[in-house]
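A.B. asks: Here you go, model.tsv (TSV, N, CA and C atoms and all ligand atoms):
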```
chain	number	residue	atom	x	y	z
A	27	MET	N	121.75	51.32	88.56
A	27	MET	CA	122.06	51.84	87.24
A	27	MET	C	123.13	50.96	86.61
A	28	ARG	N	122.94	50.58	85.36
A	28	ARG	CA	123.93	49.80	84.62
A	28	ARG	C	124.25	50.52	83.34
A	29	ALA	N	125.50	50.46	82.92
A	29	ALA	CA	125.93	51.09	81.68
A	29	ALA	C	127.04	50.25	81.08
A	30	VAL	N	127.22	50.37	79.78
A	30	VAL	CA	128.28	49.65	79.09
A	30	VAL	C	129.27	50.66	78.53
A	31	SER	N	130.55	50.39	78.72
A	31	SER	CA	131.60	51.25	78.19
A	31	SER	C	132.66	50.34	77.57
A	32	LEU	N	133.17	50.71	76.42
A	32	LEU	CA	134.16	49.89	75.73
A	32	LEU	C	135.57	50.26	76.17
A	33	VAL	N	136.39	49.25	76.38
A	33	VAL	CA	137.79	49.45	76.76
A	33	VAL	C	138.60	49.73	75.50
A	34	GLY	N	139.39	50.80	75.53
A	34	GLY	CA	140.22	51.17	74.38
A	34	GLY	C	141.49	50.35	74.33
A	35	SER	N	142.29	50.56	73.29
A	35	SER	CA	143.51	49.78	73.09
A	35	SER	C	144.53	49.99	74.21
A	36	ARG	N	144.45	51.14	74.87
A	36	ARG	CA	145.40	51.41	75.97
A	36	ARG	C	144.78	51.14	77.34
A	37	GLY	N	143.62	50.51	77.37
A	37	GLY	CA	143.00	50.12	78.64
A	37	GLY	C	142.08	51.17	79.24
A	38	GLY	N	141.95	52.30	78.56
A	38	GLY	CA	141.09	53.36	79.08
A	38	GLY	C	139.63	53.15	78.71
A	39	PHE	N	138.74	53.80	79.44
A	39	PHE	CA	137.32	53.77	79.13
A	39	PHE	C	136.66	55.02	79.71
A	40	SER	N	135.47	55.31	79.24
A	40	SER	CA	134.74	56.47	79.74
A	40	SER	C	133.72	56.04	80.78
A	41	ILE	N	133.54	56.88	81.77
A	41	ILE	CA	132.45	56.67	82.72
A	41	ILE	C	131.24	57.36	82.11
A	42	PRO	N	130.16	56.63	81.85
A	42	PRO	CA	128.99	57.23	81.21
A	42	PRO	C	128.49	58.47	81.96
A	43	LYS	N	128.01	59.44	81.19
A	43	LYS	CA	127.57	60.72	81.74
A	43	LYS	C	126.55	60.55	82.88
A	44	ALA	N	125.61	59.64	82.69
A	44	ALA	CA	124.56	59.44	83.71
A	44	ALA	C	125.19	59.00	85.03
A	45	VAL	N	126.23	58.16	84.96
A	45	VAL	CA	126.90	57.69	86.17
A	45	VAL	C	127.67	58.84	86.82
A	46	ARG	N	128.36	59.64	85.98
A	46	ARG	CA	129.12	60.78	86.51
A	46	ARG	C	128.19	61.78	87.19
A	47	GLN	N	127.05	62.01	86.56
A	47	GLN	CA	126.10	62.97	87.15
A	47	GLN	C	125.53	62.44	88.46
A	48	THR	N	125.20	61.17	88.49
A	48	THR	CA	124.63	60.58	89.70
A	48	THR	C	125.58	60.68	90.87
A	49	LEU	N	126.89	60.45	90.62
A	49	LEU	CA	127.88	60.45	91.70
A	49	LEU	C	128.66	61.76	91.79
A	50	ASP	N	128.27	62.75	90.97
A	50	ASP	CA	128.92	64.06	90.98
A	50	ASP	C	130.44	63.92	90.77
A	51	ILE	N	130.80	63.19	89.72
A	51	ILE	CA	132.21	63.00	89.36
A	51	ILE	C	132.55	64.01	88.27
A	52	ALA	N	133.55	64.85	88.54
A	52	ALA	CA	133.97	65.87	87.58
A	52	ALA	C	135.35	65.53	87.03
A	53	PRO	N	135.71	66.11	85.88
A	53	PRO	CA	137.05	65.86	85.34
A	53	PRO	C	138.12	66.20	86.39
A	54	GLY	N	139.10	65.33	86.54
A	54	GLY	CA	140.17	65.54	87.52
A	54	GLY	C	139.91	64.89	88.87
A	55	ASP	N	138.67	64.45	89.11
A	55	ASP	CA	138.37	63.80	90.39
A	55	ASP	C	139.05	62.43	90.44
A	56	PRO	N	139.61	62.06	91.61
A	56	PRO	CA	140.23	60.74	91.71
A	56	PRO	C	139.17	59.65	91.89
A	57	VAL	N	139.40	58.51	91.25
A	57	VAL	CA	138.54	57.34	91.45
A	57	VAL	C	139.46	56.18	91.80
A	58	GLU	N	138.95	55.29	92.63
A	58	GLU	CA	139.72	54.13	93.06
A	58	GLU	C	139.20	52.91	92.32
A	59	ILE	N	140.11	52.08	91.83
A	59	ILE	CA	139.73	50.89	91.07
A	59	ILE	C	140.30	49.68	91.80
A	60	TYR	N	139.44	48.72	92.10
A	60	TYR	CA	139.94	47.50	92.72
A	60	TYR	C	139.09	46.32	92.29
A	61	VAL	N	139.60	45.15	92.57
A	61	VAL	CA	138.93	43.91	92.14
A	61	VAL	C	138.36	43.21	93.36
A	62	GLU	N	137.11	42.77	93.22
A	62	GLU	CA	136.47	41.96	94.26
A	62	GLU	C	135.91	40.72	93.57
A	63	GLY	N	136.57	39.60	93.74
A	63	GLY	CA	136.13	38.37	93.06
A	63	GLY	C	136.27	38.56	91.56
A	64	GLU	N	135.15	38.47	90.84
A	64	GLU	CA	135.16	38.62	89.39
A	64	GLU	C	134.79	40.04	88.96
A	65	ALA	N	134.54	40.91	89.93
A	65	ALA	CA	134.07	42.26	89.61
A	65	ALA	C	135.17	43.30	89.74
A	66	ILE	N	135.14	44.29	88.86
A	66	ILE	CA	136.02	45.44	88.96
A	66	ILE	C	135.18	46.55	89.59
A	67	ILE	N	135.60	47.05	90.72
A	67	ILE	CA	134.87	48.10	91.42
A	67	ILE	C	135.55	49.44	91.14
A	68	LEU	N	134.77	50.41	90.72
A	68	LEU	CA	135.27	51.75	90.45
A	68	LEU	C	134.53	52.67	91.42
A	69	GLN	N	135.27	53.29	92.34
A	69	GLN	CA	134.62	54.05	93.41
A	69	GLN	C	135.17	55.46	93.46
A	70	LYS	N	134.25	56.42	93.58
A	70	LYS	CA	134.68	57.80	93.72
A	70	LYS	C	135.47	57.91	95.01
A	71	ARG	N	136.62	58.58	94.92
A	71	ARG	CA	137.46	58.72	96.10
A	71	ARG	C	137.36	60.14	96.60
A	72	GLU	N	136.99	60.26	97.85
A	72	GLU	CA	136.88	61.59	98.43
A	72	GLU	C	138.30	62.15	98.63
A	73	PRO	N	138.49	63.42	98.36
A	73	PRO	CA	139.82	63.99	98.54
A	73	PRO	C	140.24	63.95	100.00
A	74	VAL	N	141.53	63.76	100.25
A	74	VAL	CA	142.04	63.77	101.62
A	74	VAL	C	143.10	64.87	101.75
A	75	CYS	N	143.26	65.36	102.94
A	75	CYS	CA	144.20	66.44	103.25
A	75	CYS	C	145.65	65.95	103.05
A	76	VAL	N	146.48	66.75	102.41
A	76	VAL	CA	147.88	66.36	102.17
A	76	VAL	C	148.67	66.29	103.48
A	77	PHE	N	148.22	67.00	104.51
A	77	PHE	CA	148.96	67.02	105.76
A	77	PHE	C	148.55	65.89	106.70
A	78	CYS	N	147.24	65.73	106.94
A	78	CYS	CA	146.80	64.74	107.94
A	78	CYS	C	146.18	63.49	107.31
A	79	GLY	N	145.97	63.50	105.99
A	79	GLY	CA	145.43	62.32	105.32
A	79	GLY	C	143.97	62.05	105.63
A	80	GLN	N	143.27	63.05	106.19
A	80	GLN	CA	141.87	62.86	106.59
A	80	GLN	C	140.91	63.64	105.70
A	81	ASN	N	139.67	63.23	105.73
A	81	ASN	CA	138.58	64.01	105.17
A	81	ASN	C	137.49	63.95	106.22
A	82	ASP	N	137.38	65.00	107.02
A	82	ASP	CA	136.44	64.99	108.13
A	82	ASP	C	135.03	65.36	107.71
A	83	GLY	N	134.80	65.48	106.41
A	83	GLY	CA	133.47	65.82	105.92
A	83	GLY	C	133.23	67.31	105.87
A	84	GLY	N	134.17	68.08	106.40
A	84	GLY	CA	134.05	69.53	106.36
A	84	GLY	C	134.56	70.07	105.04
A	85	LYS	N	134.62	71.39	104.97
A	85	LYS	CA	135.07	72.02	103.74
A	85	LYS	C	136.57	71.78	103.54
A	86	MET	N	136.92	71.34	102.34
A	86	MET	CA	138.32	71.15	102.00
A	86	MET	C	138.68	72.27	101.03
A	87	MET	N	139.93	72.72	101.09
A	87	MET	CA	140.34	73.74	100.13
A	87	MET	C	141.54	73.25	99.35
A	88	THR	N	141.73	73.84	98.19
A	88	THR	CA	142.84	73.45	97.33
A	88	THR	C	143.86	74.57	97.29
A	89	VAL	N	145.09	74.25	97.64
A	89	VAL	CA	146.19	75.21	97.61
A	89	VAL	C	147.25	74.66	96.67
A	90	LYS	N	147.46	75.33	95.56
A	90	LYS	CA	148.43	74.89	94.55
A	90	LYS	C	148.27	73.41	94.24
A	91	ASP	N	147.06	73.02	93.89
A	91	ASP	CA	146.71	71.65	93.50
A	91	ASP	C	146.79	70.63	94.64
A	92	ASN	N	146.92	71.09	95.88
A	92	ASN	CA	146.92	70.18	97.03
A	92	ASN	C	145.68	70.45	97.87
A	93	THR	N	145.04	69.38	98.33
A	93	THR	CA	143.85	69.51	99.16
A	93	THR	C	144.27	69.64	100.63
A	94	VAL	N	143.67	70.61	101.31
A	94	VAL	CA	143.98	70.86	102.72
A	94	VAL	C	142.67	70.97	103.50
A	95	CYS	N	142.62	70.35	104.69
A	95	CYS	CA	141.41	70.44	105.51
A	95	CYS	C	141.46	71.74	106.32
A	96	GLN	N	140.32	72.10	106.87
A	96	GLN	CA	140.24	73.36	107.63
A	96	GLN	C	141.13	73.34	108.86
A	97	ALA	N	141.19	72.19	109.54
A	97	ALA	CA	141.99	72.11	110.78
A	97	ALA	C	143.47	72.36	110.47
A	98	CYS	N	143.98	71.75	109.42
A	98	CYS	CA	145.40	71.95	109.07
A	98	CYS	C	145.63	73.36	108.55
A	99	CYS	N	144.65	73.92	107.86
A	99	CYS	CA	144.78	75.28	107.36
A	99	CYS	C	144.86	76.25	108.55
A	100	ARG	N	144.01	76.02	109.56
A	100	ARG	CA	144.05	76.87	110.76
A	100	ARG	C	145.41	76.75	111.45
A	101	GLU	N	145.91	75.52	111.56
A	101	GLU	CA	147.20	75.28	112.22
A	101	GLU	C	148.31	76.00	111.46
A	102	ALA	N	148.28	75.94	110.13
A	102	ALA	CA	149.31	76.60	109.33
A	102	ALA	C	149.25	78.11	109.52
A	103	ARG	N	148.01	78.63	109.62
A	103	ARG	CA	147.86	80.07	109.81
A	103	ARG	C	148.49	80.51	111.12
A	104	LYS	N	148.33	79.70	112.20
A	104	LYS	CA	148.91	80.04	113.50
A	104	LYS	C	150.43	80.13	113.39
A	105	GLU	N	151.02	79.22	112.60
A	105	GLU	CA	152.48	79.19	112.46
A	105	GLU	C	153.03	80.48	111.88
A	106	PHE	N	152.22	81.17	111.10
A	106	PHE	CA	152.69	82.39	110.44
A	106	PHE	C	152.40	83.66	111.22
A	107	ARG	N	151.80	83.52	112.39
A	107	ARG	CA	151.52	84.73	113.18
A	107	ARG	C	152.74	85.18	113.94
B	1	ZN	ZN	144.42	68.10	107.48
```
Represent the structure contained in this file as C-alpha cells.

C.D. replies:
Amino acid sequence: MRAVSLVGSRGGFSIPKAVRQTLDIAPGDPVEIYVEGEAIILQKREPVCVFCGQNDGGKMMTVKDNTVCQACCREARKEFR
C-alpha cells in the first residue's frame, strides 16, 4: 500500500485512513519513527508494561493512562493482600 501525505509547516502529517485501518492504529496510539538510509520508517509501536517494559502478547490493561501487563498486575495484587 502506498499513500501520499503532505508535511505541514510544523512538520506534522496525517497517516491516511486506509493505512490506519490496515494496521489498526487509533488516536493516541504510539508510533515509532526512524530513518533507514533514505527512507523514513513509521512503525506502530506495541504498548509495553510500565513496570517490566515487556509486551508478552497477552492482554494489557491501562491504569491511570499507564499500560500494565497481567503478570505485573497479578504481582501488585499479591502485595495488597
Ligand atoms: Zn509487566

A.B. asks: What does the structure give for the distance between atom CA of A:Val30 and atom CA of A:Val45, in Å to one decimal?

C.D. replies: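 These two atoms are separated by 10.8 Å.
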
A.B. asks: Select, from A:Ala44, A:Ala97, A:Val33, A:Val57, the residue with the minimum atom-to-atom distance to A:Lys85, counting only C-alpha atoms.

C.D. replies: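 Checking each of A:Ala44, A:Ala97, A:Val33, A:Val57 against A:Lys85, counting only C-alpha atoms, the winner is A:Ala97.
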
A.B. asks: May I have all residues of chain A that DSSP, computed from the backbone, assigns to alpha helix (DSSP H), given as a PyMOL selection string?

C.D. replies: chain A and resi 43-49+96-105

A.B. asks: Using only C-alpha atoms and all ligand atoms, what are the residues with an atom within 12 Å of ligand ZN 1 (chain B), set out as a ChimeraX atom specification?

C.D. replies: /A:73-88,92-102

A.B. asks: Could you pull out the strand (DSSP E or B) residues of chain A from DSSP and send them as a count of residues only?

C.D. replies: 20

A.B. asks: Could you check how far atom CA of A:Ile66 sits from atom CA of A:Asp91, in Å to one decimal?

C.D. replies: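 Value for the atom CA of A:Ile66-atom CA of A:Asp91 distance: 28.7 Å.
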
A.B. asks: Quote the spacing between atom N of A:Asp50 and atom C of A:Gly63 in Å to one decimal place.

C.D. replies: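 Value for the atom N of A:Asp50-atom C of A:Gly63 distance: 25.5 Å.
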
A.B. asks: Which polymer residues, protein or nucleic acid, are no farther than 12 Å from (124.2, 50.6, 76.6), counting only C-alpha atoms, as a ChimeraX atom specification?

C.D. replies: /A:27-32,41-44

A.B. asks: Any chance you can output those residues with N, CA and C atoms as a compact mmCIF listing (two decimals), keeping the file's coordinate frame?

C.D. replies:
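Just written: selection-v6.txt:
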```txt
# COMPACT_ATOMS: atom_id res chain seq x y z
N MET A 27 121.75 51.32 88.56
CA MET A 27 122.06 51.84 87.24
C MET A 27 123.13 50.96 86.61
N ARG A 28 122.94 50.58 85.36
CA ARG A 28 123.93 49.80 84.62
C ARG A 28 124.25 50.52 83.34
N ALA A 29 125.50 50.46 82.92
CA ALA A 29 125.93 51.09 81.68
C ALA A 29 127.04 50.25 81.08
N VAL A 30 127.22 50.37 79.78
CA VAL A 30 128.28 49.65 79.09
C VAL A 30 129.27 50.66 78.53
N SER A 31 130.55 50.39 78.72
CA SER A 31 131.60 51.25 78.19
C SER A 31 132.66 50.34 77.57
N LEU A 32 133.17 50.71 76.42
CA LEU A 32 134.16 49.89 75.73
C LEU A 32 135.57 50.26 76.17
N ILE A 41 133.54 56.88 81.77
CA ILE A 41 132.45 56.67 82.72
C ILE A 41 131.24 57.36 82.11
N PRO A 42 130.16 56.63 81.85
CA PRO A 42 128.99 57.23 81.21
C PRO A 42 128.49 58.47 81.96
N LYS A 43 128.01 59.44 81.19
CA LYS A 43 127.57 60.72 81.74
C LYS A 43 126.55 60.55 82.88
N ALA A 44 125.61 59.64 82.69
CA ALA A 44 124.56 59.44 83.71
C ALA A 44 125.19 59.00 85.03
```

A.B. asks: Quick one: axis-aligned box around all listed atoms of stretch 54-66 of chain A, 6 Å on every side, centre and edge lengths in Å to one decimal, written as AutoDock Vina command-line options.

C.D. replies:
```
--center_x 137.2 --center_y 52.0 --center_z 90.4 --size_x 18.2 --size_y 39.2 --size_z 19.7
```
